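Data block for final.cif (mmCIF, C-alpha atoms):
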data_input
#
loop_
_atom_site.label_atom_id
_atom_site.label_comp_id
_atom_site.auth_asym_id
_atom_site.auth_seq_id
_atom_site.Cartn_x
_atom_site.Cartn_y
_atom_site.Cartn_z
CA MET A 99 0.00 0.00 0.00
CA GLN A 100 1.21 3.43 -0.85
CA THR A 101 2.02 6.10 1.63
CA THR A 102 1.01 8.98 -0.61
CA GLU A 103 -1.45 11.30 0.99
CA SER A 104 -3.56 11.57 -2.12
CA THR A 105 -5.37 8.37 -1.28
CA GLY A 106 -6.75 7.15 1.94
CA ALA A 107 -5.39 3.72 1.07
CA ALA A 108 -7.48 0.74 -0.07
CA PRO A 109 -6.81 -1.15 -3.30
CA GLN A 110 -6.59 1.03 -6.37
CA PRO A 111 -9.47 0.40 -8.73
CA ARG A 112 -8.61 -1.36 -11.96
CA ARG A 113 -7.93 0.42 -15.15
CA ALA A 114 -11.05 -0.82 -16.93
CA LYS A 115 -13.24 0.23 -14.05
CA ILE A 116 -11.72 3.71 -14.01
CA LEU A 117 -12.14 4.11 -17.75
CA LEU A 118 -15.74 2.98 -17.56
CA ALA A 119 -16.42 5.35 -14.66
CA THR A 120 -14.82 8.25 -16.51
CA LEU A 121 -16.80 7.49 -19.63
CA MET A 122 -20.02 7.30 -17.62
CA ALA A 123 -19.22 10.58 -15.90
CA LEU A 124 -18.57 12.24 -19.24
CA CYS A 125 -21.74 10.79 -20.81
CA ALA A 126 -23.86 11.87 -17.87
CA ALA A 127 -22.36 15.36 -18.08
CA VAL A 128 -23.02 15.63 -21.82
CA LEU A 129 -26.55 14.37 -21.32
CA ILE A 130 -27.25 16.88 -18.54
CA LEU A 131 -25.74 19.68 -20.58
CA VAL A 132 -27.56 18.91 -23.80
CA ALA A 133 -30.90 17.94 -22.30
CA LEU A 134 -31.16 20.41 -19.42
CA VAL A 135 -28.52 23.13 -19.20
CA LEU A 136 -28.42 24.21 -22.82
CA PRO A 137 -32.22 24.47 -23.24
CA ALA A 138 -32.78 26.11 -19.86
CA GLU A 139 -29.81 28.46 -19.73
CA PHE A 140 -28.98 29.17 -23.36
CA ASP A 141 -32.28 28.56 -25.15
CA ARG A 142 -30.62 25.94 -27.34
CA ASP A 143 -32.30 22.60 -27.67
CA PRO A 144 -30.51 20.25 -30.07
CA LEU A 145 -32.41 17.15 -28.92
CA GLY A 146 -35.79 18.75 -28.31
CA VAL A 147 -35.71 17.44 -24.75
CA GLY A 148 -35.91 20.91 -23.24
CA GLU A 149 -39.07 21.61 -25.19
CA ALA A 150 -40.59 18.30 -24.06
CA LEU A 151 -39.73 19.01 -20.42
CA GLY A 152 -40.92 22.57 -20.70
CA ILE A 153 -37.67 24.07 -19.48
CA ARG A 154 -36.57 25.64 -22.73
CA GLY A 155 -35.98 29.35 -22.46
CA LEU A 156 -36.22 29.36 -18.68
CA SER A 157 -33.66 32.12 -18.50
CA ARG A 158 -34.96 34.21 -21.38
CA GLN A 159 -34.76 37.86 -20.50
CA PRO A 160 -38.20 39.25 -19.80
CA GLN A 161 -39.33 41.52 -22.58
CA LEU A 162 -39.34 45.16 -21.72
CA GLU A 163 -42.90 46.24 -21.14
CA ARG A 164 -43.64 48.23 -24.24
CA VAL A 165 -47.23 49.12 -23.56
CA ARG A 166 -48.71 49.97 -20.21
CA ASP A 167 -52.34 50.80 -19.64
CA GLU A 168 -53.21 53.95 -17.76
CA LYS A 169 -56.25 54.56 -15.61
CA THR A 170 -56.28 58.34 -15.47
CA GLY A 171 -56.70 60.42 -18.55
CA TYR A 172 -54.17 61.90 -20.86
CA ARG A 173 -53.50 65.59 -20.33
CA GLY A 174 -51.17 68.20 -21.60
CA GLU A 175 -50.39 71.89 -21.42
CA ALA A 176 -47.92 74.59 -22.24
CA VAL A 177 -47.05 77.26 -19.68
CA THR A 178 -44.65 80.16 -19.63
CA PHE A 179 -43.00 81.95 -16.73
CA GLU A 180 -41.37 85.34 -16.76
CA LEU A 181 -38.50 85.44 -14.31
CA LEU A 182 -36.91 88.72 -13.32
CA PRO A 183 -33.29 88.58 -12.15
CA PHE A 184 -33.06 86.38 -9.03
CA GLU A 185 -36.69 85.41 -9.25
CA PHE A 186 -37.61 81.74 -9.01
CA VAL A 187 -40.63 79.57 -9.54
CA GLU A 188 -41.57 75.96 -8.92
CA TYR A 189 -44.00 74.07 -11.09
CA LYS A 190 -44.96 70.49 -10.38
CA TYR A 191 -47.38 67.83 -11.52
CA ARG A 192 -49.32 65.36 -9.47
CA LEU A 193 -48.45 61.89 -10.79
CA HIS A 194 -49.34 58.49 -9.45
CA GLU A 195 -46.64 55.85 -9.03
CA GLY A 196 -45.53 54.67 -12.44
CA GLY A 197 -47.28 57.57 -14.15
CA THR A 198 -45.41 58.88 -17.17
CA MET A 199 -45.07 62.30 -18.70
CA LEU A 200 -43.15 63.74 -21.60
CA TYR A 201 -41.63 67.14 -21.09
CA SER A 202 -39.74 69.82 -22.89
CA TRP A 203 -38.71 73.15 -21.46
CA SER A 204 -36.60 75.94 -22.80
CA ALA A 205 -35.46 79.28 -21.46
CA THR A 206 -34.35 82.40 -23.27
CA ALA A 207 -31.16 82.35 -21.20
CA GLU A 208 -29.44 79.87 -18.92
CA VAL A 209 -31.29 79.24 -15.65
CA VAL A 210 -30.58 77.18 -12.58
CA PHE A 211 -32.95 74.22 -12.45
CA ASP A 212 -33.79 71.35 -10.16
CA PHE A 213 -36.08 68.63 -11.48
CA HIS A 214 -37.30 66.90 -8.35
CA GLY A 215 -40.14 65.04 -6.68
CA GLU A 216 -41.87 64.99 -3.34
CA PRO A 217 -43.55 61.72 -2.38
CA ASP A 218 -47.02 61.86 -0.85
CA ALA A 219 -45.89 59.40 1.78
CA GLY A 220 -42.61 61.14 2.53
CA PRO A 221 -41.81 63.28 5.54
CA GLU A 222 -42.71 66.95 5.50
CA GLY A 223 -40.40 68.93 3.23
CA PHE A 224 -38.66 65.85 1.79
CA ALA A 225 -37.64 66.18 -1.84
CA GLU A 226 -35.57 64.04 -4.18
CA SER A 227 -33.69 65.62 -7.05
CA TYR A 228 -33.70 63.82 -10.40
CA ARG A 229 -31.67 66.38 -12.34
CA LEU A 230 -29.88 69.49 -11.16
CA GLY A 231 -27.89 72.06 -13.00
CA LYS A 232 -27.72 75.11 -15.21
CA ALA A 233 -29.19 74.92 -18.69
CA ASP A 234 -31.41 76.68 -21.16
CA GLY A 235 -33.64 73.68 -21.72
CA GLU A 236 -34.28 69.96 -21.30
CA ASN A 237 -36.34 67.34 -23.09
CA GLY A 238 -37.24 63.95 -21.78
CA ALA A 239 -39.59 61.33 -20.51
CA PHE A 240 -40.27 60.80 -16.84
CA THR A 241 -41.89 57.94 -14.98
CA ALA A 242 -42.77 58.74 -11.39
CA PRO A 243 -40.97 56.44 -8.93
CA TYR A 244 -43.71 57.10 -6.38
CA GLY A 245 -47.00 58.93 -6.12
CA GLY A 246 -46.49 62.61 -5.36
CA ILE A 247 -45.68 65.88 -7.03
CA HIS A 248 -42.88 66.03 -9.55
CA GLY A 249 -41.54 69.02 -11.39
CA TRP A 250 -39.09 71.87 -11.71
CA PHE A 251 -37.57 74.67 -9.79
CA TRP A 252 -36.16 77.41 -12.01
CA GLU A 253 -34.20 80.42 -10.91
CA ASN A 254 -32.91 83.29 -12.97
CA ARG A 255 -29.41 84.10 -11.73
CA GLY A 256 -28.71 86.48 -14.60
CA THR A 257 -29.17 90.22 -14.89
CA HIS A 258 -31.89 90.18 -17.54
CA PRO A 259 -35.42 88.83 -17.44
CA VAL A 260 -35.79 85.27 -18.74
CA THR A 261 -38.80 83.49 -20.15
CA VAL A 262 -39.15 79.78 -19.41
CA THR A 263 -41.55 77.79 -21.55
CA LEU A 264 -42.65 74.34 -20.43
CA THR A 265 -44.63 71.88 -22.50
CA THR A 266 -45.76 68.60 -21.01
CA SER A 267 -48.17 65.83 -21.69
CA GLY A 268 -48.84 62.76 -19.64
CA PHE A 269 -50.98 61.13 -17.02
CA TYR A 270 -51.01 63.73 -14.29
CA SER A 271 -54.09 64.98 -12.56
CA ALA A 272 -53.11 68.49 -11.48
CA ALA A 273 -50.38 71.09 -11.64
CA LEU A 274 -49.08 73.14 -8.73
CA GLN A 275 -47.29 76.42 -8.93
CA PHE A 276 -45.17 77.80 -6.09
CA ARG A 277 -44.31 81.43 -6.58
CA ASP A 278 -43.75 84.41 -4.29
CA GLY A 279 -44.71 82.28 -1.29
CA LEU A 280 -48.04 81.34 -2.82
CA VAL A 281 -49.19 77.90 -3.88
CA SER A 282 -51.79 77.60 -6.58
CA GLU A 283 -53.15 74.29 -7.76
CA LYS A 284 -55.00 73.87 -11.00
CA THR A 285 -56.72 70.87 -12.36
CA ILE A 286 -56.13 70.26 -16.00
CA ASN A 287 -58.92 68.92 -18.13
CA GLU A 288 -58.30 65.87 -20.19
CA GLU A 289 -59.69 67.68 -23.23
CA ALA A 290 -56.90 70.18 -22.96
CA ALA A 291 -54.37 67.61 -24.05
CA PRO A 292 -52.61 68.73 -27.19
CA GLY A 293 -53.54 66.55 -30.07
CA ALA A 294 -56.38 64.91 -28.18
CA ALA A 295 -59.06 63.63 -30.48
CA PRO A 296 -61.79 66.25 -30.99
CA ASP A 297 -65.36 65.25 -30.18
CA MET B 178 -34.67 20.79 -10.89
CA LEU B 179 -36.79 23.80 -11.71
CA ALA B 180 -36.37 25.18 -8.23
CA LEU B 181 -32.62 24.85 -8.55
CA MET B 182 -32.34 26.89 -11.70
CA PRO B 183 -32.53 30.37 -10.21
CA VAL B 184 -29.78 29.35 -7.81
CA ILE B 185 -27.65 28.20 -10.71
CA VAL B 186 -28.19 31.45 -12.55
CA LEU B 187 -27.53 33.62 -9.54
CA ALA B 188 -24.86 31.75 -7.71
CA HIS B 189 -21.82 32.51 -9.67
CA ASN B 190 -21.54 36.19 -10.32
CA ILE B 191 -21.66 38.89 -7.78
CA SER B 192 -25.24 39.91 -8.22
CA GLY B 193 -26.46 43.22 -9.51
CA ALA B 194 -27.61 44.75 -6.25
CA ASN B 195 -24.38 43.82 -4.44
CA ALA B 196 -22.32 45.17 -7.31
CA SER B 197 -24.07 48.51 -7.45
CA PHE B 198 -23.84 48.79 -3.67
CA VAL B 199 -20.05 48.48 -3.62
CA GLN B 200 -19.71 50.70 -6.66
CA GLU B 201 -21.28 53.51 -4.72
CA LEU B 202 -18.89 53.07 -1.84
CA SER B 203 -15.88 55.30 -1.79
CA GLY B 204 -12.82 54.68 0.26
CA ALA B 205 -11.85 51.52 2.06
CA ALA B 206 -14.79 49.29 2.93
CA PRO B 207 -13.34 46.22 4.59
CA VAL B 208 -16.52 44.61 5.86
CA PRO B 209 -18.59 44.78 2.65
CA PHE B 210 -15.69 43.38 0.62
CA MET B 211 -14.96 40.67 3.15
CA TYR B 212 -18.60 39.73 3.10
CA LEU B 213 -18.63 39.58 -0.71
CA GLY B 214 -15.50 37.44 -0.75
CA ALA B 215 -16.92 35.02 1.78
CA LYS B 216 -20.27 34.94 0.00
CA HIS B 217 -18.62 34.26 -3.33
CA MET B 218 -16.68 31.35 -1.87
CA VAL B 219 -19.55 29.78 0.06
CA THR B 220 -22.05 30.10 -2.78
CA GLY B 221 -19.51 29.25 -5.48
CA TYR B 222 -20.21 25.56 -6.01
CA ASP B 223 -17.19 25.23 -8.32
CA HIS B 224 -14.78 26.22 -5.55
CA ILE B 225 -16.66 24.08 -3.05
CA LEU B 226 -16.66 21.00 -5.30
CA TYR B 227 -12.96 21.40 -5.94
CA LEU B 228 -12.24 21.65 -2.20
CA LEU B 229 -14.38 18.56 -1.65
CA GLY B 230 -12.28 16.72 -4.21
CA VAL B 231 -9.04 17.89 -2.66
CA VAL B 232 -9.81 16.77 0.87
CA PHE B 233 -11.87 13.72 -0.05
CA PHE B 234 -9.18 11.14 0.67
CA LEU B 235 -7.10 13.19 3.05
CA GLY B 236 -7.40 11.37 6.34
CA ARG B 237 -4.87 13.35 8.33
CA PHE B 238 -5.33 16.90 9.47
CA ARG B 239 -1.74 17.72 8.53
CA ASP B 240 -2.38 16.79 4.88
CA VAL B 241 -5.57 18.85 4.80
CA LEU B 242 -3.56 21.78 6.06
CA ILE B 243 -0.79 21.33 3.45
CA TYR B 244 -3.16 21.00 0.51
CA VAL B 245 -5.44 23.83 1.55
CA THR B 246 -2.43 26.07 2.17
CA LEU B 247 -1.12 25.35 -1.32
CA PHE B 248 -4.53 26.08 -2.80
CA THR B 249 -4.85 29.28 -0.79
CA LEU B 250 -1.36 30.39 -1.78
CA GLY B 251 -2.17 29.77 -5.44
CA HIS B 252 -5.45 31.64 -5.54
CA SER B 253 -4.16 34.53 -3.42
CA ILE B 254 -1.27 35.10 -5.85
CA THR B 255 -3.48 35.36 -8.91
CA LEU B 256 -6.30 37.18 -7.17
CA THR B 257 -3.94 39.88 -5.95
CA GLY B 258 -1.76 39.92 -9.03
CA GLY B 259 -4.66 39.78 -11.46
CA VAL B 260 -6.46 42.70 -9.89
CA LEU B 261 -3.39 44.86 -9.31
CA LEU B 262 -1.95 44.28 -12.78
CA ASN B 263 -5.45 44.59 -14.22
CA LEU B 264 -5.04 41.31 -16.09
CA SER B 265 -8.13 40.66 -18.08
CA VAL B 266 -8.98 37.06 -18.74
CA ASN B 267 -12.27 35.86 -20.12
CA ALA B 268 -14.39 34.96 -17.09
CA TYR B 269 -16.14 32.10 -18.91
CA LEU B 270 -12.92 30.46 -19.98
CA VAL B 271 -11.42 30.75 -16.50
CA ASP B 272 -14.57 29.26 -15.01
CA MET B 273 -14.41 26.49 -17.58
CA VAL B 274 -10.88 25.62 -16.42
CA ILE B 275 -12.15 25.73 -12.83
CA GLY B 276 -14.86 23.23 -13.81
CA LEU B 277 -12.21 21.04 -15.42
CA SER B 278 -10.13 21.27 -12.24
CA VAL B 279 -13.00 19.57 -10.40
CA ALA B 280 -13.04 16.75 -12.98
CA TYR B 281 -9.24 16.50 -12.85
CA LYS B 282 -9.18 16.14 -9.09
CA ALA B 283 -11.94 13.51 -9.15
CA PHE B 284 -10.10 11.56 -11.85
CA GLU B 285 -6.95 11.76 -9.75
CA ASN B 286 -8.88 10.61 -6.68
CA ILE B 287 -10.05 7.40 -8.32
CA GLY B 288 -6.46 6.71 -9.36
CA GLY B 289 -7.06 7.57 -12.99
CA PHE B 290 -3.67 9.00 -13.84
CA LYS B 291 -1.77 6.16 -12.28
CA GLN B 292 -3.87 3.30 -13.60
CA VAL B 293 -4.76 4.62 -17.03
CA PHE B 294 -1.73 6.65 -18.04
CA GLY B 295 0.85 5.04 -15.79
CA VAL B 296 2.03 8.42 -14.57
CA GLU B 297 1.05 10.27 -11.46
CA PRO B 298 1.41 14.02 -11.78
CA GLY B 299 2.25 15.60 -8.44
CA ALA B 300 -0.95 16.15 -6.52
CA ARG B 301 0.58 19.02 -4.59
CA ILE B 302 1.75 20.80 -7.71
CA ALA B 303 -1.69 20.30 -9.27
CA VAL B 304 -3.51 21.81 -6.31
CA PHE B 305 -1.20 24.82 -6.42
CA VAL B 306 -1.61 25.30 -10.18
CA PHE B 307 -5.38 24.97 -9.98
CA GLY B 308 -5.25 27.37 -7.04
CA LEU B 309 -3.74 29.85 -9.47
CA CYS B 310 -6.66 29.25 -11.86
CA HIS B 311 -9.28 29.66 -9.13
CA GLY B 312 -7.60 32.92 -8.10
CA LEU B 313 -7.78 34.18 -11.65
CA GLY B 314 -11.51 33.42 -11.58
CA LEU B 315 -11.85 35.35 -8.33
CA ALA B 316 -9.91 38.24 -9.87
CA THR B 317 -12.32 38.47 -12.80
CA LYS B 318 -15.22 38.66 -10.33
CA VAL B 319 -13.58 41.49 -8.41
CA GLN B 320 -12.79 43.30 -11.65
CA GLN B 321 -16.43 43.06 -12.70
CA LEU B 322 -17.15 45.33 -9.76
CA SER B 323 -15.09 48.01 -11.56
CA LEU B 324 -13.51 49.27 -8.41
CA SER B 325 -12.05 52.72 -8.26
CA SER B 326 -8.27 52.78 -8.13
CA GLU B 327 -8.19 54.45 -4.74
CA ASN B 328 -8.23 51.88 -1.98
CA LEU B 329 -8.09 49.14 -4.61
CA LEU B 330 -5.40 47.29 -2.69
CA SER B 331 -7.16 47.46 0.65
CA ASN B 332 -10.56 46.50 -0.79
CA MET B 333 -9.08 43.65 -2.77
CA LEU B 334 -7.24 42.36 0.29
CA SER B 335 -10.49 42.54 2.25
CA PHE B 336 -12.13 40.48 -0.49
CA ASN B 337 -9.28 37.99 -0.25
CA VAL B 338 -9.62 37.70 3.53
CA GLY B 339 -13.34 37.12 3.03
CA VAL B 340 -12.58 34.38 0.52
CA GLU B 341 -10.36 32.62 3.06
CA LEU B 342 -12.95 32.95 5.82
CA GLY B 343 -15.62 31.56 3.51
CA GLN B 344 -13.28 28.76 2.49
CA ALA B 345 -12.51 27.91 6.12
CA SER B 346 -16.18 27.68 7.05
CA ALA B 347 -17.03 25.58 4.00
CA LEU B 348 -14.05 23.30 4.64
CA THR B 349 -15.00 22.77 8.25
CA ILE B 350 -18.38 21.43 7.21
CA ILE B 351 -16.90 19.30 4.43
CA VAL B 352 -14.21 17.79 6.68
CA VAL B 353 -16.65 17.02 9.47
CA ILE B 354 -18.99 15.24 7.08
CA LEU B 355 -16.11 13.32 5.50
CA LEU B 356 -14.87 12.25 8.95
CA GLN B 357 -18.22 10.66 9.68
CA TRP B 358 -18.39 9.11 6.25
CA ARG B 359 -14.86 7.71 6.43
CA ARG B 360 -15.77 5.66 9.52
CA ARG B 361 -18.22 3.60 7.55
CA SER B 362 -16.94 0.44 5.99
CA ALA B 363 -18.46 1.24 2.63
CA PHE B 364 -16.47 4.47 2.35
CA GLN B 365 -14.14 3.19 -0.37
CA ARG B 366 -17.01 2.04 -2.56
CA HIS B 367 -18.97 5.20 -1.88
CA GLY B 368 -15.85 7.26 -2.46
CA PHE B 369 -15.41 5.84 -5.92
CA ILE B 370 -18.99 6.63 -6.89
CA ALA B 371 -18.86 10.04 -5.23
CA ASN B 372 -15.77 10.97 -7.20
CA MET B 373 -17.40 9.73 -10.36
CA LEU B 374 -20.28 12.11 -9.67
CA LEU B 375 -17.81 14.85 -8.83
CA MET B 376 -16.10 14.32 -12.16
CA SER B 377 -19.41 14.48 -13.93
CA ALA B 378 -20.31 17.70 -12.11
CA GLY B 379 -16.94 19.14 -13.13
CA PHE B 380 -17.65 18.32 -16.76
CA VAL B 381 -21.11 19.89 -16.51
CA LEU B 382 -19.65 23.07 -15.01
CA ALA B 383 -16.98 23.22 -17.71
CA GLY B 384 -19.55 22.70 -20.45
CA TYR B 385 -21.88 25.25 -18.92
CA GLN B 386 -19.14 27.87 -18.86
CA PHE B 387 -17.98 27.03 -22.35
CA ALA B 388 -21.53 27.45 -23.64
CA GLY B 389 -21.61 30.78 -21.83
CA TYR B 390 -18.39 31.73 -23.60
CA LEU B 391 -19.89 30.82 -26.95
CA TRP B 392 -23.35 32.28 -26.60
CA ASN B 393 -23.52 34.88 -23.88
#
Whole structure given in C-alpha cells:
Amino acid sequence: MQTTESTGAAPQPRRAKILLATLMALCAAVLILVALVLPAEFDRDPLGVGEALGIRGLSRQPQLERVRDEKTGYRGEAVTFELLPFEFVEYKYRLHEGGTMLYSWSATAEVVFDFHGEPDAGPEGFAESYRLGKADGENGAFTAPYGGIHGWFWENRGTHPVTVTLTTSGFYSAALQFRDGLVSEKTINEEAAPGAAPD
Amino acid sequence: MLALMPVIVLAHNISGANASFVQELSGAAPVPFMYLGAKHMVTGYDHILYLLGVVFFLGRFRDVLIYVTLFTLGHSITLTGGVLLNLSVNAYLVDMVIGLSVAYKAFENIGGFKQVFGVEPGARIAVFVFGLCHGLGLATKVQQLSLSSENLLSNMLSFNVGVELGQASALTIIVVILLQWRRRSAFQRHGFIANMLLMSAGFVLAGYQFAGYLWN
C-alpha cells in the first residue's frame, strides 16, 4: 500500500473500471448539458428534450414592457414663466406611481434648475432631485418612482429677465405652482391635451 | 430541478444589487468586501466542489492543512496579481478551467492517472496550479465590480480575507462530514462513486461555462 497522501489507502481500482467510470461521468455530463442546461440556460435545444420538459428558455430575458395601460386620462399643457433677475418659480405635476409624462422646457437664457419630486408618503419637506444644474432647456420622458408631485424649480441668476416655456403631456391629474410664497393648484382637463381627439 | 435553476443562474456572479452597492462606496470598505469574498466562496459551487475533491481522501489533518495552504497560496497570488496588474482574462474560460479542475481532481482521486496513463502528476503541484486558476476566476469577479483605483489594494485584500474565511467555514463542514463518512466500511465504494459524480459535475460546469463563452 502506498504512503502517498492523495489516497486514503485501499486497493486502487482497476484500469477498466476507471475508464468505464470516466466514460459514464462524461456521458452523464453531456446528457445533462444537452438535455437540461443548454435548453434552460442558453435557449438551445438540439435534442428537443428541453421543449418536451418545458424548461426551454427558462432564463430568457423578460421583454421590456412596451405598452402599459393607464387609468387616469391623458393631459397636456404649455405654460410660460417670466422670471426677473433672481426670481424663481416651482411648477410640479401630481403623478401616481408609475405615471409617465413627456416634457420639454426651454429658457431664453441659462437658468438654474432642479427637477425633483416629493412623495405623498414622505416626511414633510422631503424632496428628491432627479436632475440638477444650469441649462437653457431639457427634453425627456419621466416615470414617477412614487406617487407625489414632480416638477421643476427654475431660478434666474442672470441680470436680464428670462422666459421659461414648459410643455408637457402625460398622465397627471393636477399642476401646482409655487411662486412668491403662494401655492396655486390647478386641475387640468383631459380635453386640454394637445392633439387629443376632438369630439 | 426547476427550483434549482434560479440558484444556478444567480450563484456565480456577484449579483447586480451587491455590485451597485459596492460601486457607490468610496474609500476603504473592509466589511462589505470581506462579506462579498466570503459569500462568493460559500455560494460558489465550483470552488466548493474542488475543495471537496481535494480533501476527499485526506485522512490526516496535517495533509488537509498542506493542501489547503497550497490552494490558498495559489489563488491569493493570482487574485492579488490579477487585480493589481489589471489582467483581463475571459471569465467564462477561467470558469471552464475551474470546472475542469474539479473533474481533474476527481479523476486523480479514483487513481485515474496512475492506472490509465501510468504516470502520477504531483498532486501538490496540481492543487497549487489549480489554485492559481481559481484565483484568476476570483480576480475576474472582483474586476467586474469596476472598483475605483483608490483603496483598490485594501478593498481587494479585504475580499481575499473574506474568501479565506468563507473557504474555512465551508471546509469545516466538508471535513466534518467526511470524517463521519470515512468511519463507515463502505467508504471506499462510496468514495469511488462520489468521485465519479464529482467528475461528472466538473464536466457539466466546464460545459456550462464554455456554452456561456460561446453564446452569452
- request: Tell me the residues of chain B close to chain A, meaning within 10 Å using all atoms listed in the file, as a PyMOL selection string.
  value: chain B and resi 178-179+182-183+185-186+231-237+239-241+244+280+283-295+299-301+359+365-366+369-370+372-385+388-389+391-393
- request: Just say which residues the PyMOL selection byres ((chain A and resi 270-281) around 12) picks in this file, as a ChimeraX atom specification.
  value: /A:168-181,184-200,240-242,245-253,266-269,282-288,290-291
Residues near Val304 in chain B, cut-off 10 Å, all atoms listed in the file, skip fewer than 3 positions along chain, as a list in words: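 Here the answer would be Tyr227, Leu228, Val231, Tyr244, Val245, Thr246, Leu247, Phe248, Thr249, Leu250, Gly251, Ser278, Lys282, Gly299, Ala300, Arg301, Phe307, Gly308, Leu309 and Cys310 of chain B.
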message: Which residues would end up in the selection if the PyMOL selection byres ((chain B and resi 315) around 12) were applied here, given that I need the answer as a ChimeraX atom specification?
response: /B:189-191,213-218,221,223-224,249,251-260,264-269,271-272,275,308-314,316-322,333,336-337,339-341
query: In terms of the shortest atom-to-atom distance over only C-alpha atoms, which of A:Gly215, A:Pro144, A:Pro259, A:Gly231 is closest to Tyr244 in chain A?
result: A:Gly215
- prompt: What does the distance between CA of Ala233 in chain A and CA of Trp203 in chain A come to in Å, to one decimal place?
  reply: 10.1 Å
message: What does the structure give for the distance between CA of Pro183 in chain A and CA of Ser204 in chain A, in Å to one decimal?
response: 16.9 Å
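Distance-wise, CA of Gln386 in chain B and CA of Val274 in chain B end up 8.9 Å apart.
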Evaluate the PyMOL selection byres ((chain A and resi 228) around 7) and report residues as JSON, numbers by chain: {"A": [213, 214, 226, 227, 229, 230]}
Mind working out the centre and edge lengths of an axis-aligned box for range 179-193 of chain A, all listed atoms inside, 6 Å added to each side, rounded to one decimal in Å and written as JSON?
{"center_x": -41.2, "center_y": 75.3, "center_z": -12.8, "size_x": 28.3, "size_y": 38.8, "size_z": 19.8}
- request: List every protein, DNA or RNA residue with an atom no more than 6 Å from (-28.7, 76.9, -12.9) in the file's coordinates, counting all atoms listed in the file, and format the result as a ChimeraX atom specification.
  value: /A:209-211,231-232
If we count all atoms listed in the file and set the cut-off at 9 Å, which residues sit around Ala133 in chain A, ignoring sequence neighbours fewer than 6 positions away in its own chain? Please answer as a short mmCIF file (atom, residue, chain, number, x, y, z; two decimals) with C-alpha atoms, in the coordinates of the input.
data_model
loop_
_atom_site.label_atom_id
_atom_site.label_comp_id
_atom_site.auth_asym_id
_atom_site.auth_seq_id
_atom_site.Cartn_x
_atom_site.Cartn_y
_atom_site.Cartn_z
CA ASP A 143 -32.30 22.60 -27.67
CA PRO A 144 -30.51 20.25 -30.07
CA LEU A 145 -32.41 17.15 -28.92
CA GLY A 146 -35.79 18.75 -28.31
CA VAL A 147 -35.71 17.44 -24.75
CA GLY A 148 -35.91 20.91 -23.24
#
